[in-house]
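Asker: For reference, the file final-v4.pdb (PDB, C-alpha atoms and all ligand atoms) is included below:
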```pdb
ATOM      1  CA  MET F   1     -74.627-103.227  47.303
ATOM      2  CA  GLU F   2     -78.048-102.849  48.930
ATOM      3  CA  ILE F   3     -79.254-104.411  52.180
ATOM      4  CA  LEU F   4     -82.554-104.106  54.057
ATOM      5  CA  GLY F   5     -82.003-102.387  57.398
ATOM      6  CA  ILE F   6     -84.604-102.619  60.167
ATOM      7  CA  ASP F   7     -84.476-100.542  63.341
ATOM      8  CA  VAL F   8     -86.567-102.101  66.100
ATOM      9  CA  GLY F   9     -87.286 -99.577  68.848
ATOM     10  CA  GLY F  10     -89.403 -99.571  71.984
ATOM     11  CA  THR F  11     -92.091 -97.509  70.213
ATOM     12  CA  GLY F  12     -91.683 -98.013  66.466
ATOM     13  CA  ILE F  13     -90.096-100.260  63.858
ATOM     14  CA  LYS F  14     -88.510 -98.483  60.885
ATOM     15  CA  SER F  15     -87.064-100.062  57.793
ATOM     16  CA  ASN F  16     -85.612 -99.188  54.424
ATOM     17  CA  VAL F  17     -83.253-100.500  51.777
ATOM     18  CA  VAL F  18     -79.800 -98.975  52.230
ATOM     19  CA  ASN F  19     -77.169 -98.303  49.589
ATOM     20  CA  LEU F  20     -74.003 -99.305  51.406
ATOM     21  CA  SER F  21     -71.627 -97.350  49.166
ATOM     22  CA  THR F  22     -73.259 -94.040  50.085
ATOM     23  CA  GLY F  23     -75.278 -94.804  53.235
ATOM     24  CA  ALA F  24     -78.355 -93.432  51.460
ATOM     25  CA  LEU F  25     -81.873 -94.757  51.921
ATOM     26  CA  VAL F  26     -83.082 -96.127  48.613
ATOM     27  CA  ALA F  27     -86.854 -96.307  48.987
ATOM     28  CA  GLU F  28     -89.617 -94.748  51.039
ATOM     29  CA  LYS F  29     -89.234 -95.516  54.726
ATOM     30  CA  PHE F  30     -91.651 -98.146  56.098
ATOM     31  CA  LYS F  31     -92.764 -97.545  59.690
ATOM     32  CA  ILE F  32     -94.962 -99.613  61.971
ATOM     33  CA  LYS F  33     -95.737 -99.465  65.689
ATOM     34  CA  THR F  34     -93.865-101.812  68.003
ATOM     35  CA  PRO F  35     -96.456-104.412  69.108
ATOM     36  CA  GLU F  36     -97.459-104.955  72.713
ATOM     37  CA  PRO F  37     -96.303-107.226  74.123
ATOM     38  CA  ALA F  38     -93.147-107.009  71.990
ATOM     39  CA  ASN F  39     -92.457-110.733  72.230
ATOM     40  CA  PRO F  40     -90.647-112.813  69.586
ATOM     41  CA  ALA F  41     -93.810-114.003  67.800
ATOM     42  CA  ALA F  42     -95.211-110.468  67.491
ATOM     43  CA  ILE F  43     -91.886-108.931  66.459
ATOM     44  CA  ILE F  44     -91.410-111.624  63.798
ATOM     45  CA  GLU F  45     -94.809-110.685  62.300
ATOM     46  CA  CYS F  46     -93.622-107.067  62.067
ATOM     47  CA  LEU F  47     -90.342-108.118  60.454
ATOM     48  CA  LYS F  48     -92.308-110.125  57.883
ATOM     49  CA  ALA F  49     -94.363-107.022  57.110
ATOM     50  CA  CYS F  50     -91.115-105.106  56.450
ATOM     51  CA  VAL F  51     -89.832-107.863  54.185
ATOM     52  CA  ASP F  52     -93.129-107.940  52.266
ATOM     53  CA  ASN F  53     -93.209-104.162  51.931
ATOM     54  CA  PHE F  54     -89.855-104.117  50.124
ATOM     55  CA  GLY F  55     -90.237-107.505  48.380
ATOM     56  CA  TRP F  56     -87.029-108.506  50.165
ATOM     57  CA  GLN F  57     -87.663-112.267  50.353
ATOM     58  CA  GLY F  58     -84.542-114.454  50.696
ATOM     59  CA  LYS F  59     -82.026-111.609  50.798
ATOM     60  CA  LYS F  60     -79.730-110.500  53.612
ATOM     61  CA  ILE F  61     -81.206-108.326  56.406
ATOM     62  CA  GLY F  62     -79.589-106.315  59.201
ATOM     63  CA  ILE F  63     -81.533-105.482  62.349
ATOM     64  CA  GLY F  64     -80.816-103.037  65.167
ATOM     65  CA  PHE F  65     -82.435-104.261  68.374
ATOM     66  CA  PRO F  66     -82.766-102.696  71.872
ATOM     67  CA  SER F  67     -80.847-105.389  73.728
ATOM     68  CA  VAL F  68     -77.303-106.472  74.470
ATOM     69  CA  ILE F  69     -76.472-108.829  71.596
ATOM     70  CA  LYS F  70     -73.579-111.243  71.930
ATOM     71  CA  ASN F  71     -72.746-114.082  69.555
ATOM     72  CA  GLY F  72     -76.196-113.950  67.965
ATOM     73  CA  ILE F  73     -78.012-114.090  71.331
ATOM     74  CA  SER F  74     -80.085-111.250  72.850
ATOM     75  CA  LEU F  75     -79.258-111.041  76.549
ATOM     76  CA  THR F  76     -81.325-108.187  77.991
ATOM     77  CA  ALA F  77     -84.810-106.698  77.562
ATOM     78  CA  SER F  78     -85.586-103.291  79.068
ATOM     79  CA  ASN F  79     -88.025-101.918  76.504
ATOM     80  CA  ILE F  80     -89.120-105.153  74.872
ATOM     81  CA  ASP F  81     -90.587-108.428  76.148
ATOM     82  CA  ALA F  82     -88.588-110.510  78.648
ATOM     83  CA  GLU F  83     -88.887-113.525  76.305
ATOM     84  CA  PHE F  84     -85.949-111.936  74.470
ATOM     85  CA  ILE F  85     -83.592-112.599  77.392
ATOM     86  CA  ASN F  86     -81.199-115.369  76.311
ATOM     87  CA  TYR F  87     -83.004-115.688  72.970
ATOM     88  CA  ASN F  88     -81.217-117.155  69.970
ATOM     89  CA  ILE F  89     -82.100-114.067  67.972
ATOM     90  CA  ASP F  90     -79.966-114.422  64.810
ATOM     91  CA  ALA F  91     -80.960-118.055  64.277
ATOM     92  CA  GLU F  92     -84.659-117.611  65.156
ATOM     93  CA  PHE F  93     -85.131-114.529  62.965
ATOM     94  CA  SER F  94     -83.198-116.139  60.098
ATOM     95  CA  ALA F  95     -85.388-119.256  60.283
ATOM     96  CA  ALA F  96     -88.618-117.231  60.501
ATOM     97  CA  LEU F  97     -87.723-114.951  57.581
ATOM     98  CA  GLY F  98     -86.010-117.619  55.479
ATOM     99  CA  CYS F  99     -82.843-115.596  54.950
ATOM    100  CA  ASP F 100     -79.588-114.554  56.565
ATOM    101  CA  VAL F 101     -80.366-112.126  59.426
ATOM    102  CA  LYS F 102     -77.774-110.356  61.538
ATOM    103  CA  VAL F 103     -78.905-108.550  64.701
ATOM    104  CA  VAL F 104     -76.884-105.940  66.594
ATOM    105  CA  ASN F 105     -77.650-103.531  69.422
ATOM    106  CA  ASP F 106     -79.693-100.621  68.014
ATOM    107  CA  ALA F 107     -77.460 -97.865  69.418
ATOM    108  CA  ASP F 108     -74.324 -99.631  68.217
ATOM    109  CA  ALA F 109     -75.906 -99.814  64.753
ATOM    110  CA  ALA F 110     -76.815 -96.119  64.720
ATOM    111  CA  GLY F 111     -73.373 -95.213  66.052
ATOM    112  CA  ILE F 112     -71.603 -97.181  63.330
ATOM    113  CA  ALA F 113     -73.589 -95.294  60.677
ATOM    114  CA  GLU F 114     -72.849 -91.914  62.256
ATOM    115  CA  MET F 115     -69.117 -92.726  62.531
ATOM    116  CA  THR F 116     -69.020 -93.754  58.877
ATOM    117  CA  TYR F 117     -71.292 -91.263  57.119
ATOM    118  CA  GLY F 118     -72.039 -88.585  59.730
ATOM    119  CA  LYS F 119     -70.335 -86.259  62.171
ATOM    120  CA  GLY F 120     -68.176 -88.997  63.701
ATOM    121  CA  LYS F 121     -66.422 -89.609  60.377
ATOM    122  CA  ASP F 122     -62.611 -89.507  60.826
ATOM    123  CA  VAL F 123     -62.915 -88.321  64.438
ATOM    124  CA  GLN F 124     -60.044 -89.737  66.478
ATOM    125  CA  GLY F 125     -60.010 -90.392  70.210
ATOM    126  CA  LEU F 126     -63.052 -91.293  72.259
ATOM    127  CA  VAL F 127     -66.539 -90.630  70.883
ATOM    128  CA  ILE F 128     -69.714 -91.394  72.820
ATOM    129  CA  PHE F 129     -72.821 -91.662  70.674
ATOM    130  CA  ILE F 130     -76.113 -91.725  72.576
ATOM    131  CA  THR F 131     -79.675 -92.132  71.363
ATOM    132  CA  LEU F 132     -82.462 -90.502  73.327
ATOM    133  CA  GLY F 133     -85.688 -92.345  72.550
ATOM    134  CA  THR F 134     -87.865 -94.738  74.509
ATOM    135  CA  GLY F 135     -84.714 -95.615  76.408
ATOM    136  CA  ILE F 136     -81.148 -94.327  76.201
ATOM    137  CA  GLY F 137     -78.830 -96.273  73.939
ATOM    138  CA  SER F 138     -75.075 -95.815  73.769
ATOM    139  CA  ALA F 139     -72.218 -96.667  71.455
ATOM    140  CA  LEU F 140     -68.578 -96.058  72.361
ATOM    141  CA  PHE F 141     -65.831 -95.598  69.761
ATOM    142  CA  TYR F 142     -62.092 -95.288  70.154
ATOM    143  CA  ASN F 143     -60.337 -94.081  66.997
ATOM    144  CA  GLY F 144     -63.427 -95.142  65.062
ATOM    145  CA  GLN F 145     -63.464 -98.652  66.533
ATOM    146  CA  LEU F 146     -66.685 -99.729  68.256
ATOM    147  CA  LEU F 147     -66.589-101.103  71.806
ATOM    148  CA  GLY F 148     -70.055-102.674  71.699
ATOM    149  CA  ASN F 149     -72.930-103.195  74.127
ATOM    150  CA  THR F 150     -71.981-100.410  76.521
ATOM    151  CA  GLU F 151     -75.521 -99.746  77.848
ATOM    152  CA  PHE F 152     -74.646 -96.371  79.385
ATOM    153  CA  GLY F 153     -78.355 -95.573  79.647
ATOM    154  CA  HIS F 154     -78.429 -98.023  82.520
ATOM    155  CA  LEU F 155     -75.909 -96.254  84.721
ATOM    156  CA  LYS F 156     -77.441 -95.870  88.179
ATOM    157  CA  TYR F 157     -79.124 -92.517  88.897
ATOM    158  CA  LYS F 158     -81.390 -91.446  91.762
ATOM    159  CA  LYS F 159     -83.649 -94.424  92.551
ATOM    160  CA  SER F 160     -83.251 -96.031  89.153
ATOM    161  CA  VAL F 161     -81.123 -95.553  86.008
ATOM    162  CA  PHE F 162     -80.443 -92.516  83.807
ATOM    163  CA  GLU F 163     -82.766 -93.579  80.970
ATOM    164  CA  LYS F 164     -85.749 -93.250  83.326
ATOM    165  CA  TYR F 165     -84.976 -89.507  83.702
ATOM    166  CA  ALA F 166     -83.141 -88.305  80.600
ATOM    167  CA  SER F 167     -84.689 -90.282  77.689
ATOM    168  CA  ASN F 168     -87.167 -88.611  75.379
ATOM    169  CA  TYR F 169     -89.822 -90.966  76.728
ATOM    170  CA  ALA F 170     -89.156 -89.654  80.267
ATOM    171  CA  ARG F 171     -89.600 -86.078  78.977
ATOM    172  CA  GLU F 172     -92.936 -86.923  77.368
ATOM    173  CA  PHE F 173     -94.208 -89.214  80.139
ATOM    174  CA  HIS F 174     -93.559 -86.719  82.938
ATOM    175  CA  HIS F 175     -94.625 -83.730  80.764
ATOM    176  CA  LEU F 176     -91.279 -82.025  81.432
ATOM    177  CA  SER F 177     -90.438 -78.677  79.891
ATOM    178  CA  TRP F 178     -87.349 -78.663  77.664
ATOM    179  CA  LYS F 179     -85.532 -76.839  80.459
ATOM    180  CA  LYS F 180     -86.437 -79.348  83.190
ATOM    181  CA  TRP F 181     -85.638 -82.327  81.015
ATOM    182  CA  ALA F 182     -82.395 -80.786  79.790
ATOM    183  CA  LYS F 183     -81.247 -80.410  83.405
ATOM    184  CA  GLU F 184     -81.446 -84.187  83.777
ATOM    185  CA  LEU F 185     -79.719 -84.618  80.427
ATOM    186  CA  ASP F 186     -77.013 -82.232  81.560
ATOM    187  CA  VAL F 187     -76.381 -84.292  84.709
ATOM    188  CA  TYR F 188     -76.199 -87.376  82.511
ATOM    189  CA  LEU F 189     -73.764 -85.916  79.989
ATOM    190  CA  ASN F 190     -71.565 -84.583  82.782
ATOM    191  CA  HIS F 191     -71.564 -88.020  84.379
ATOM    192  CA  LEU F 192     -70.463 -89.603  81.097
ATOM    193  CA  ASN F 193     -67.768 -86.969  80.797
ATOM    194  CA  LEU F 194     -66.598 -87.611  84.346
ATOM    195  CA  ILE F 195     -66.156 -91.347  83.918
ATOM    196  CA  LEU F 196     -64.970 -91.464  80.288
ATOM    197  CA  SER F 197     -63.372 -88.105  79.337
ATOM    198  CA  PRO F 198     -64.616 -88.330  75.742
ATOM    199  CA  ASP F 199     -63.436 -86.036  72.929
ATOM    200  CA  LEU F 200     -66.929 -85.756  71.479
ATOM    201  CA  ILE F 201     -70.486 -86.636  72.503
ATOM    202  CA  LEU F 202     -72.995 -87.106  69.687
ATOM    203  CA  ILE F 203     -76.725 -87.139  70.343
ATOM    204  CA  GLY F 204     -79.003 -89.140  68.066
ATOM    205  CA  GLY F 205     -82.612 -90.302  68.175
ATOM    206  CA  GLY F 206     -85.764 -88.374  67.332
ATOM    207  CA  VAL F 207     -85.180 -85.648  69.906
ATOM    208  CA  SER F 208     -81.883 -84.625  68.321
ATOM    209  CA  LYS F 209     -83.808 -82.587  65.744
ATOM    210  CA  HIS F 210     -85.051 -80.295  68.550
ATOM    211  CA  PHE F 211     -81.512 -79.568  69.796
ATOM    212  CA  ASP F 212     -82.020 -75.812  69.454
ATOM    213  CA  LEU F 213     -84.743 -75.968  72.098
ATOM    214  CA  TYR F 214     -82.491 -77.397  74.836
ATOM    215  CA  LYS F 215     -78.822 -76.965  73.948
ATOM    216  CA  GLN F 216     -78.663 -73.692  75.914
ATOM    217  CA  TYR F 217     -79.336 -75.652  79.119
ATOM    218  CA  LEU F 218     -76.394 -78.001  78.627
ATOM    219  CA  ASN F 219     -73.155 -77.125  80.320
ATOM    220  CA  VAL F 220     -70.684 -79.892  79.634
ATOM    221  CA  PRO F 221     -66.929 -79.237  79.309
ATOM    222  CA  VAL F 222     -66.665 -81.276  76.101
ATOM    223  CA  LYS F 223     -68.022 -80.835  72.596
ATOM    224  CA  VAL F 224     -71.649 -81.998  72.359
ATOM    225  CA  ASP F 225     -73.289 -82.114  68.948
ATOM    226  CA  ILE F 226     -76.267 -83.739  67.288
ATOM    227  CA  ALA F 227     -75.831 -86.635  64.915
ATOM    228  CA  SER F 228     -76.266 -85.675  61.271
ATOM    229  CA  LEU F 229     -78.134 -88.819  60.256
ATOM    230  CA  LEU F 230     -80.748 -87.996  62.920
ATOM    231  CA  ASN F 231     -83.340 -90.725  63.134
ATOM    232  CA  ASP F 232     -82.223 -92.740  60.082
ATOM    233  CA  ALA F 233     -78.876 -93.804  61.534
ATOM    234  CA  GLY F 234     -80.402 -96.935  63.092
ATOM    235  CA  ILE F 235     -81.634 -98.241  59.730
ATOM    236  CA  VAL F 236     -78.384 -97.458  57.919
ATOM    237  CA  GLY F 237     -76.204 -98.962  60.660
ATOM    238  CA  ALA F 238     -78.321-102.112  60.853
ATOM    239  CA  ALA F 239     -77.786-102.694  57.131
ATOM    240  CA  MET F 240     -74.059-102.010  57.513
ATOM    241  CA  ALA F 241     -73.797-104.550  60.342
ATOM    242  CA  ALA F 242     -75.285-107.232  58.099
ATOM    243  CA  LYS F 243     -72.627-106.681  55.499
TER     244      LYS F 243
HETATM  245  C1  LIG E   1     -81.618-100.816  75.960
HETATM  246  C2  LIG E   1     -80.485-100.625  74.982
HETATM  247  C3  LIG E   1     -80.946 -99.804  73.806
HETATM  248  C4  LIG E   1     -81.596 -98.527  74.255
HETATM  249  C5  LIG E   1     -82.172 -97.728  73.110
HETATM  250  C6  LIG E   1     -82.178 -99.468  76.342
HETATM  251  O1  LIG E   1     -83.235 -99.620  77.236
HETATM  252  O2  LIG E   1     -81.158-101.467  77.123
HETATM  253  O3  LIG E   1     -80.004-101.877  74.544
HETATM  254  O4  LIG E   1     -79.846 -99.530  72.985
HETATM  255  O5  LIG E   1     -82.644 -98.793  75.180
HETATM  256  O6  LIG E   1     -83.140 -98.420  72.414
END
```
The structure in this file should be written as structure tokens.
Ligand code: BGC

Answerer:
Amino acid sequence: MEILGIDVGGTGIKSNVVNLSTGALVAEKFKIKTPEPANPAAIIECLKACVDNFGWQGKKIGIGFPSVIKNGISLTASNIDAEFINYNIDAEFSAALGCDVKVVNDADAAGIAEMTYGKGKDVQGLVIFITLGTGIGSALFYNGQLLGNTEFGHLKYKKSVFEKYASNYAREFHHLSWKKWAKELDVYLNHLNLILSPDLILIGGGVSKHFDLYKQYLNVPVKVDIASLLNDAGIVGAAMAAK
């Protein structure tokens, strides 16, 4: 079975058709920039462009979205427009695209893919999957079961929240060296370890591919590894969620 998966991020929107038996991407990835402002009307235009690109009219679509999603409603908006707060996202997107659309939190989507096809496969106990991108997304699993919408990027830190210091965006925005940025990441991972005592922490998002440049600065008393699906996990997991 194949489903179109779309990963809506604070910076870019990525999509592809996913083979759900293997988790493989079927076609060439289609990427566009996240519009500004990223309000519902503008995002819907981008989603239509994804649908057109793959000729996916009328067929089921799964979307990972940077917001807490409960019962088909988006409840928060840190890196997208505030119009998405309390927005009937499943119903509105389905109506706009003329098909059945299921939206889930983007980090939860990526985590589901990594737990099924990647390094989280068959791992028992507590796994924290985090994505380091424009913000910090999190997905928590116990014996492979997702506990959704955890939003661990929004744990309080200094004068704000951890994602303002340890996301990849924070590294780029403040022109931090890998070492300086990794020190913040290290504080963050140790904080997660302190409050949750996980068995494994998996790092996803674009910056995971540069792990060799900063892993030597991390000193966390728990196994930390990079996700094997790297930046495609969000697309794969979004498609899986729709199934
Ligand atoms: C949002 C999360 C999202 C993460 C990564 C955060 O700012 O609150 O819902 O998972 O960014 O996109």

Asker: Counting only C-alpha atoms and all ligand atoms, what are the residues, protein, DNA or RNA alike, that approach ligand LIG 1 (chain E) to within 9 Å? I want them as a ChimeraX atom specification.

Answerer: /F:8-10,64-69,76-80,105-108,130-139,149-154,163,205

Asker: May I have the residues within 6 Å of Thr34 of chain F as an NGL selection string, using all atoms listed in the file and disregarding those fewer than 5 positions away in the same chain?

Answerer: :F and (11-13)

Asker: Rank F:Phe129, F:Tyr217, F:Tyr165, F:Trp56 by their smallest atom-to-atom distance to Gly234 of chain F, using all atoms listed in the file, and report the top residue only.

Answerer: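 Of F:Phe129, F:Tyr217, F:Tyr165, F:Trp56, the one nearest Gly234 of chain F is F:Phe129, counting all atoms listed in the file.
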
Asker: To test your reading of the syntax: which residues would the PyMOL selection byres (((chain F and resi 203) around 7) and not hetatm) return for the file shown? Reply as an MDAnalysis selection string.

Answerer: chainID F and resid 129:131 201:202 204 208 225:227

Asker: Could you write out that same residue set with C-alpha atoms as a compact mmCIF listing (two decimals), in the frame of the given file?

Answerer:
```txt
# COMPACT_ATOMS: atom_id res chain seq x y z
CA PHE F 129 -72.82 -91.66 70.67
CA ILE F 130 -76.11 -91.72 72.58
CA THR F 131 -79.68 -92.13 71.36
CA ILE F 201 -70.49 -86.64 72.50
CA LEU F 202 -73.00 -87.11 69.69
CA GLY F 204 -79.00 -89.14 68.07
CA SER F 208 -81.88 -84.62 68.32
CA ASP F 225 -73.29 -82.11 68.95
CA ILE F 226 -76.27 -83.74 67.29
CA ALA F 227 -75.83 -86.64 64.92
```

Asker: Taking 4 positions as the minimum chain separation for residues in the same chain, which residues sit within 10 Å of Gln145 of chain F when counting all atoms listed in the file? Answer as JSON, numbers by chain.

Answerer: {"F": [112, 115, 124, 125, 126, 127, 140, 141]}

Asker: Do you know which residues the PyMOL selection byres (((chain F and resi 232) around 9) and not hetatm) returns on this file, as a PyMOL selection string?

Answerer: chain F and resi 7+14+25+110+205+229-231+233-237

Asker: Could you state which residues are captured by the PyMOL selection byres (((chain F and resi 185-197) around 6) and not hetatm) in this file, as a PyMOL selection string?

Answerer: chain F and resi 166+182-184+198+218+220

Asker: Which of these, F:Lys223, F:Lys164, F:Lys102, F:Lys243, has the shortest distance to Ile73 of chain F once you count all atoms listed in the file?

Answerer: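 That would be F:Lys102, the residue with the smallest distance to Ile73 of chain F.
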
Asker: Which distance in Å separates atom CA of Asn219 of chain F and atom CA of Ala109 of chain F, to one decimal?

Answerer: 27.7 Å

Asker: Kindly give the distance, in Å, that separates atom CA of Leu200 of chain F and atom CA of Val123 of chain F, rounded to a single decimal.

Answerer: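 Atom CA of Leu200 of chain F sits 8.5 Å away from atom CA of Val123 of chain F.
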
Asker: Find the residues near segment 81-89 of chain F: any atom within 8 Å, counting all atoms listed in the file, skip ones fewer than 3 places away on the same chain, and give them as a tab-separated table (two decimals) with C-alpha atoms, in the frame of the given file.

Answerer:
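This went into out.tsv:
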```tsv
chain	number	residue	atom	x	y	z
F	37	PRO	CA	-96.30	-107.23	74.12
F	38	ALA	CA	-93.15	-107.01	71.99
F	39	ASN	CA	-92.46	-110.73	72.23
F	40	PRO	CA	-90.65	-112.81	69.59
F	72	GLY	CA	-76.20	-113.95	67.96
F	73	ILE	CA	-78.01	-114.09	71.33
F	74	SER	CA	-80.08	-111.25	72.85
F	75	LEU	CA	-79.26	-111.04	76.55
F	76	THR	CA	-81.32	-108.19	77.99
F	77	ALA	CA	-84.81	-106.70	77.56
F	78	SER	CA	-85.59	-103.29	79.07
F	92	GLU	CA	-84.66	-117.61	65.16
F	93	PHE	CA	-85.13	-114.53	62.96
F	103	VAL	CA	-78.90	-108.55	64.70
```

Asker: Enter the distance from atom CA of Asn53 of chain F to atom CA of Phe30 of chain F, in Å, rounded to one decimal.

Answerer: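 One can read the atom CA of Asn53 of chain F to atom CA of Phe30 of chain F distance as 7.5 Å.
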
Asker: Just need the box for segment 50-59 of chain F, edges along x, y and z, holding every atom the file lists for it with 3 Å tacked onto each side, so centre and edge lengths in Å to one decimal, as AutoDock Vina command-line options.

Answerer:
```
--center_x -87.6 --center_y -109.3 --center_z 52.4 --size_x 17.2 --size_y 16.3 --size_z 14.1
```

Asker: Using the structure block above, produce a file of segment 73-81 of chain F that contains all heavy atoms, as a short mmCIF file (atom, residue, chain, number, x, y, z; two decimals), in the first residue's frame.

Answerer:
```
data_model
loop_
_atom_site.label_atom_id
_atom_site.label_comp_id
_atom_site.auth_asym_id
_atom_site.auth_seq_id
_atom_site.Cartn_x
_atom_site.Cartn_y
_atom_site.Cartn_z
N ILE F 73 -7.58 18.34 15.89
CA ILE F 73 -7.48 19.80 16.09
C ILE F 73 -6.02 20.15 16.42
O ILE F 73 -5.39 19.49 17.25
CB ILE F 73 -8.34 20.26 17.29
CG1 ILE F 73 -9.71 19.61 17.27
CG2 ILE F 73 -8.38 21.78 17.41
CD1 ILE F 73 -10.86 20.43 16.90
N SER F 74 -5.48 21.20 15.76
CA SER F 74 -4.13 21.66 16.14
C SER F 74 -4.30 22.68 17.27
O SER F 74 -5.13 23.59 17.20
CB SER F 74 -3.40 22.27 14.94
OG SER F 74 -4.20 23.22 14.27
N LEU F 75 -3.51 22.49 18.33
CA LEU F 75 -3.73 23.27 19.55
C LEU F 75 -2.67 24.32 19.84
O LEU F 75 -2.91 25.24 20.61
CB LEU F 75 -3.83 22.32 20.76
CG LEU F 75 -5.01 21.34 20.73
CD1 LEU F 75 -4.94 20.36 21.89
CD2 LEU F 75 -6.33 22.11 20.78
N THR F 76 -1.47 24.15 19.25
CA THR F 76 -0.38 25.08 19.54
C THR F 76 0.27 25.54 18.24
O THR F 76 0.08 24.93 17.19
CB THR F 76 0.70 24.41 20.40
OG1 THR F 76 1.22 23.27 19.69
CG2 THR F 76 0.16 23.95 21.74
N ALA F 77 1.06 26.62 18.32
CA ALA F 77 1.74 27.12 17.12
C ALA F 77 3.00 27.88 17.52
O ALA F 77 2.94 29.08 17.74
CB ALA F 77 0.79 28.02 16.33
N SER F 78 4.13 27.17 17.62
CA SER F 78 5.37 27.87 17.99
C SER F 78 6.12 28.33 16.76
O SER F 78 6.65 29.43 16.74
CB SER F 78 6.31 26.95 18.77
OG SER F 78 5.60 26.21 19.68
N ASN F 79 6.18 27.48 15.74
CA ASN F 79 6.96 27.82 14.54
C ASN F 79 6.09 27.94 13.29
O ASN F 79 6.57 27.83 12.18
CB ASN F 79 8.07 26.79 14.32
CG ASN F 79 9.13 26.89 15.40
OD1 ASN F 79 9.60 27.98 15.69
ND2 ASN F 79 9.48 25.79 16.02
N ILE F 80 4.80 28.12 13.51
CA ILE F 80 3.87 28.37 12.41
C ILE F 80 2.90 29.46 12.87
O ILE F 80 2.97 29.92 14.00
CB ILE F 80 3.06 27.10 12.03
CG1 ILE F 80 2.72 26.30 13.28
CG2 ILE F 80 3.76 26.27 11.00
CD1 ILE F 80 1.47 25.56 13.14
N ASP F 81 1.98 29.86 12.00
CA ASP F 81 1.12 30.99 12.33
C ASP F 81 0.11 30.66 13.43
O ASP F 81 -0.43 29.55 13.49
CB ASP F 81 0.38 31.41 11.05
CG ASP F 81 -0.25 32.76 11.21
OD1 ASP F 81 0.47 33.78 11.00
OD2 ASP F 81 -1.44 32.84 11.58
#
```
